[in-house]
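S.K.: Quick one: this structure, given as structure tokens, is what I'll be asking you about.
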Amino acid sequence: MSLSSRHLLQLEGTPKKDLDLILDTAESFREILDRPIKKVPPLRGKTVVNIFYEPSTRTKLSFELAEKRLSADTMTFTTAMSSVRKGESLKDTVRNIEAMKIDMVVVRHSSAGVPYYLTQCLEANIINAGDGTHEHPTQGLLDIFTIRQKYGKIKGLRVLLVGDLKHSRVARSNIWGLKTLGASVAICGPSTLLPYEAEKFGIDVYTDIDEAMEGVDVVNILRIQLERQKAGLFPSQREYTNLFGITTERLKRLNKNYTIMHPGPMNRGVEISNDVADSPASVILSQVTNGQAVRMAVLYLLSGAEEQGNKV
Amino acid sequence: MQFDLLIINGTLMDPGFGFTKKADLGIKDGKIAKVFDEGKLTRKVIDKFPAESIVDAEGAIVTPGLVDIHVHFREPGREDKETIQSGSRAAAAGGFTTVACMPNTQPAIDNQETVKFVTSLAEKGDCRVYCVGAITKNRDGEELSEIGDLVKAGVVAISDDGDYLQNPEMMRRALEYARMFDIPVISHAEDEFLAGGGIVNESFESSRLGMQGRPAVAEEIAILRDIKLAGLTGGRLHIAHVSTAGGVEAIRRGKAEGVKVTAEVAPHHFTLTDDLIGEKFDTNLRVNPPIRSEADRQAMIKGLIDGTIDCIATDHAPHTEEEKDVEFDQASPGMIGLETSLGLAITELSDRGYLAIPDLLRKMSSNPAKIIGLEPNSLNEGEVADITIFDPEARWVVKKEKFLSKSKNSPFVGRKLKGKIKATVMGGRITYRAK
């Protein structure tokens, strides 16, 4: 079994069998993370470069660790230390890096479409680690993996995404992946932070959080960025919290055995209350652990290591 | 009678004067000296004529030279993108004998000297180049340019193209003041408060791609405002590159109310839709106003058919490879258009039965000429020999390396088009001849 693409650019249009393969493969890597020695050899001899044109803590660390645990040689560069500031174009920068004989590129960039653009400039496998407000496929996959881990399935579940949907690449990847796997998806946020014609994603769109929570299995709470308030998209943090903040009180309408998720970093007391974040239903830290397994699976499957017989 | 140039075996089509016939043309001293009815020009005369001075228009249509009232030739200031010379060569290759250049050069065309500079360079070029002057000094929307001076120097319209005049009071004054000279004020109608920061049309596509949208209402509101001001002042308003269904409807109503408003559409707005962007993130698809939805595209065609949209203009906007081979949102907006305009119009409009070729030619020659106050080109004896010869049936593929424009930023590369320029004649001189 192998993926139908050499790259992971987006979950939109990624076929169900690819999603299943990544999730199934991630299961076996997830076990490795519980072993005393968390390192396996399949990417030995492969070189992976993490190119981060935007600040990132957890995604960057998560990819680096995933690569190391697969025994790849890795390096990471961020704009702060790159020649980007000297005015070099993105194309020149990445081609120079590729000239150092690398096999895979993990890229984060503020412009939508950059991962696709890199597939046109480079021979390497490209993994999108977040492009603008377009997609963040490995985050989508790890969220889906975490849900599947708990319920044993995705099909038939009701998942609600809450917050700034307009500017969320995490939301887009979640929506496409969940829908492909048969979940019912809803979003809720201030009307100024909903994507234009959002219902065309094939989802239910709410602006009343209590209504939106009805009959939901999984609530995925997105980080609210304070600069959106400055841009006039909502009046104040206080009002946001009053209208959309997820508190214990608001959880009552959820289905039994509900799950609370957050891709991080959290603004406690803003989009999520402390007690909700730390409640037994919260899988926020599992998401982080699972992110490792999912990224290992993606790297492994795209590297072609499997075809070369480098079994785990 | 001695001629400098013969155009033989073609079908003359002069939509302005309403005739189509097989005939040969004898050109002398830059003018159409003689129209020979079919068979009147003898083989003997033709055989004696030097081959390089004969255009054999067999199977082709011979029509008054095409006019494009919206191009950017970038000189002075950005000669790396285009020069008057390279731009005029591209124009000739596209069948154009006359163009009007927008004033967003560096420095802006807001004074007589810059107009003279552009016009003097154009004298050596391959098409007639008119200037659109800036409405405001340095195009910064603050103070009116010396419009009277500009008109004296030859500008045919005024515009702060690329920027909408955000201050309605300033637009009112511009329309009032320009009325004295009977020149149109050309509006790049997009409210920057609404459109600002957007890089594609606001639609489900922008939502899907996570790209900031430029909403249709940014154009609609801008057009509505300017039509109201044109109505108030009696000034002549021309809407550049209309792109939204609501914008076309606003113009339709304005015309019905008797406001002096005209409009143009760019070939990309009646050809392309925004769902193409996500396919390859082709930065050549980034343009302002953005390519819109299929419903908008249909509205452009309807507007052309019912006369709401008077003419086709390319908004030929050259950018270097370096400015386009970048992240989508970093790419300079705009695309070249001169060399694909007629082919796109024939392929998308005539071939699909929306506009007959004579109607199309009116929208690419006599109508735009009238908007900028020029006498329409014609094929009558005694007229200036500005002539376009094209084969309406010839099929060709747009190739990047064939563009004569200095820049190659076209999203149409690789596209199959019908309708090909065979030759262009300006002032009796062959400015382009297909190989």
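Ligands are numbered from 1 in the order shown, residues from 1 within each chain, and chains are lettered A, B, ... in the order they appear in the structure tokens.
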When the cut-off is 10 Å and we count only C-alpha atoms, which residues of chain B are near chain A, given as an MDAnalysis selection string?
M.R.: chainID B and resid 202:213 215 277:282 322:323 325:330
S.K.: Quick one: residues within 12 Å of Leu285 of chain A, only C-alpha atoms counted, chain neighbours fewer than 4 positions away excluded, as a list in words?
M.R.: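 Neighbouring residues, sequence-local ones excluded: Arg58, Leu142, Asp143, Thr146, Ile260, Met261, His262, Pro263, Gly264, Pro265, Met266, Ala277, Asp278, Ser279, Pro280, Ala281, Thr289, Asn290, Gly291 and Gln292 of chain A.
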S.K.: Pick out the residues sitting within 9 Å of Leu342 of chain B, and hand them over as a VMD selection string; count only C-alpha atoms, and ignore anything fewer than 5 positions along from it in its own chain.
M.R.: chain B and resid 94 to 95 267 347 361 364 418 to 421
S.K.: Can you write out the residues you just picked, keeping C-alpha atoms, as a PDB file, in the first residue's frame?
M.R.:
ATOM      1  CA  GLY B  94      -2.206  41.880 -31.438  1.00  0.00           C
ATOM      2  CA  GLY B  95      -3.683  43.823 -34.354  1.00  0.00           C
ATOM      3  CA  PRO B 267     -10.667  39.649 -22.023  1.00  0.00           C
ATOM      4  CA  THR B 347     -12.837  32.144 -29.331  1.00  0.00           C
ATOM      5  CA  LEU B 361     -14.854  44.560 -34.128  1.00  0.00           C
ATOM      6  CA  MET B 364     -12.470  46.693 -30.388  1.00  0.00           C
ATOM      7  CA  LYS B 418      -9.206  30.733 -32.847  1.00  0.00           C
ATOM      8  CA  GLY B 419      -8.591  33.925 -34.817  1.00  0.00           C
ATOM      9  CA  LYS B 420      -5.085  35.035 -35.649  1.00  0.00           C
ATOM     10  CA  ILE B 421      -3.557  38.295 -36.745  1.00  0.00           C
TER      11      ILE B 421
END
S.K.: If you count only C-alpha atoms, which residues fall within 9 Å of Gly30 of chain B, apart from same-chain ones fewer than 2 positions away, as a short mmCIF file (atom, residue, chain, number, x, y, z; two decimals) with C-alpha atoms, in the first residue's frame?
M.R.:
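Below you can see out.cif, which holds the result:
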data_model
loop_
_atom_site.label_atom_id
_atom_site.label_comp_id
_atom_site.auth_asym_id
_atom_site.auth_seq_id
_atom_site.Cartn_x
_atom_site.Cartn_y
_atom_site.Cartn_z
CA ASP B 4 3.20 51.94 -51.57
CA ILE B 27 -2.29 52.31 -49.97
CA LYS B 28 -0.38 55.49 -50.77
CA ILE B 32 -6.19 54.29 -48.36
CA ALA B 33 -5.86 55.61 -51.90
CA GLU B 383 -8.81 57.55 -44.80
CA VAL B 384 -5.63 56.96 -42.83
CA ALA B 385 -4.38 53.44 -43.53
CA ASP B 386 -4.66 51.94 -40.02
CA MET B 426 -0.36 51.63 -39.26
CA GLY B 427 -0.22 54.77 -41.36
CA GLY B 428 0.42 52.68 -44.44
CA ARG B 429 3.36 50.87 -42.89
#
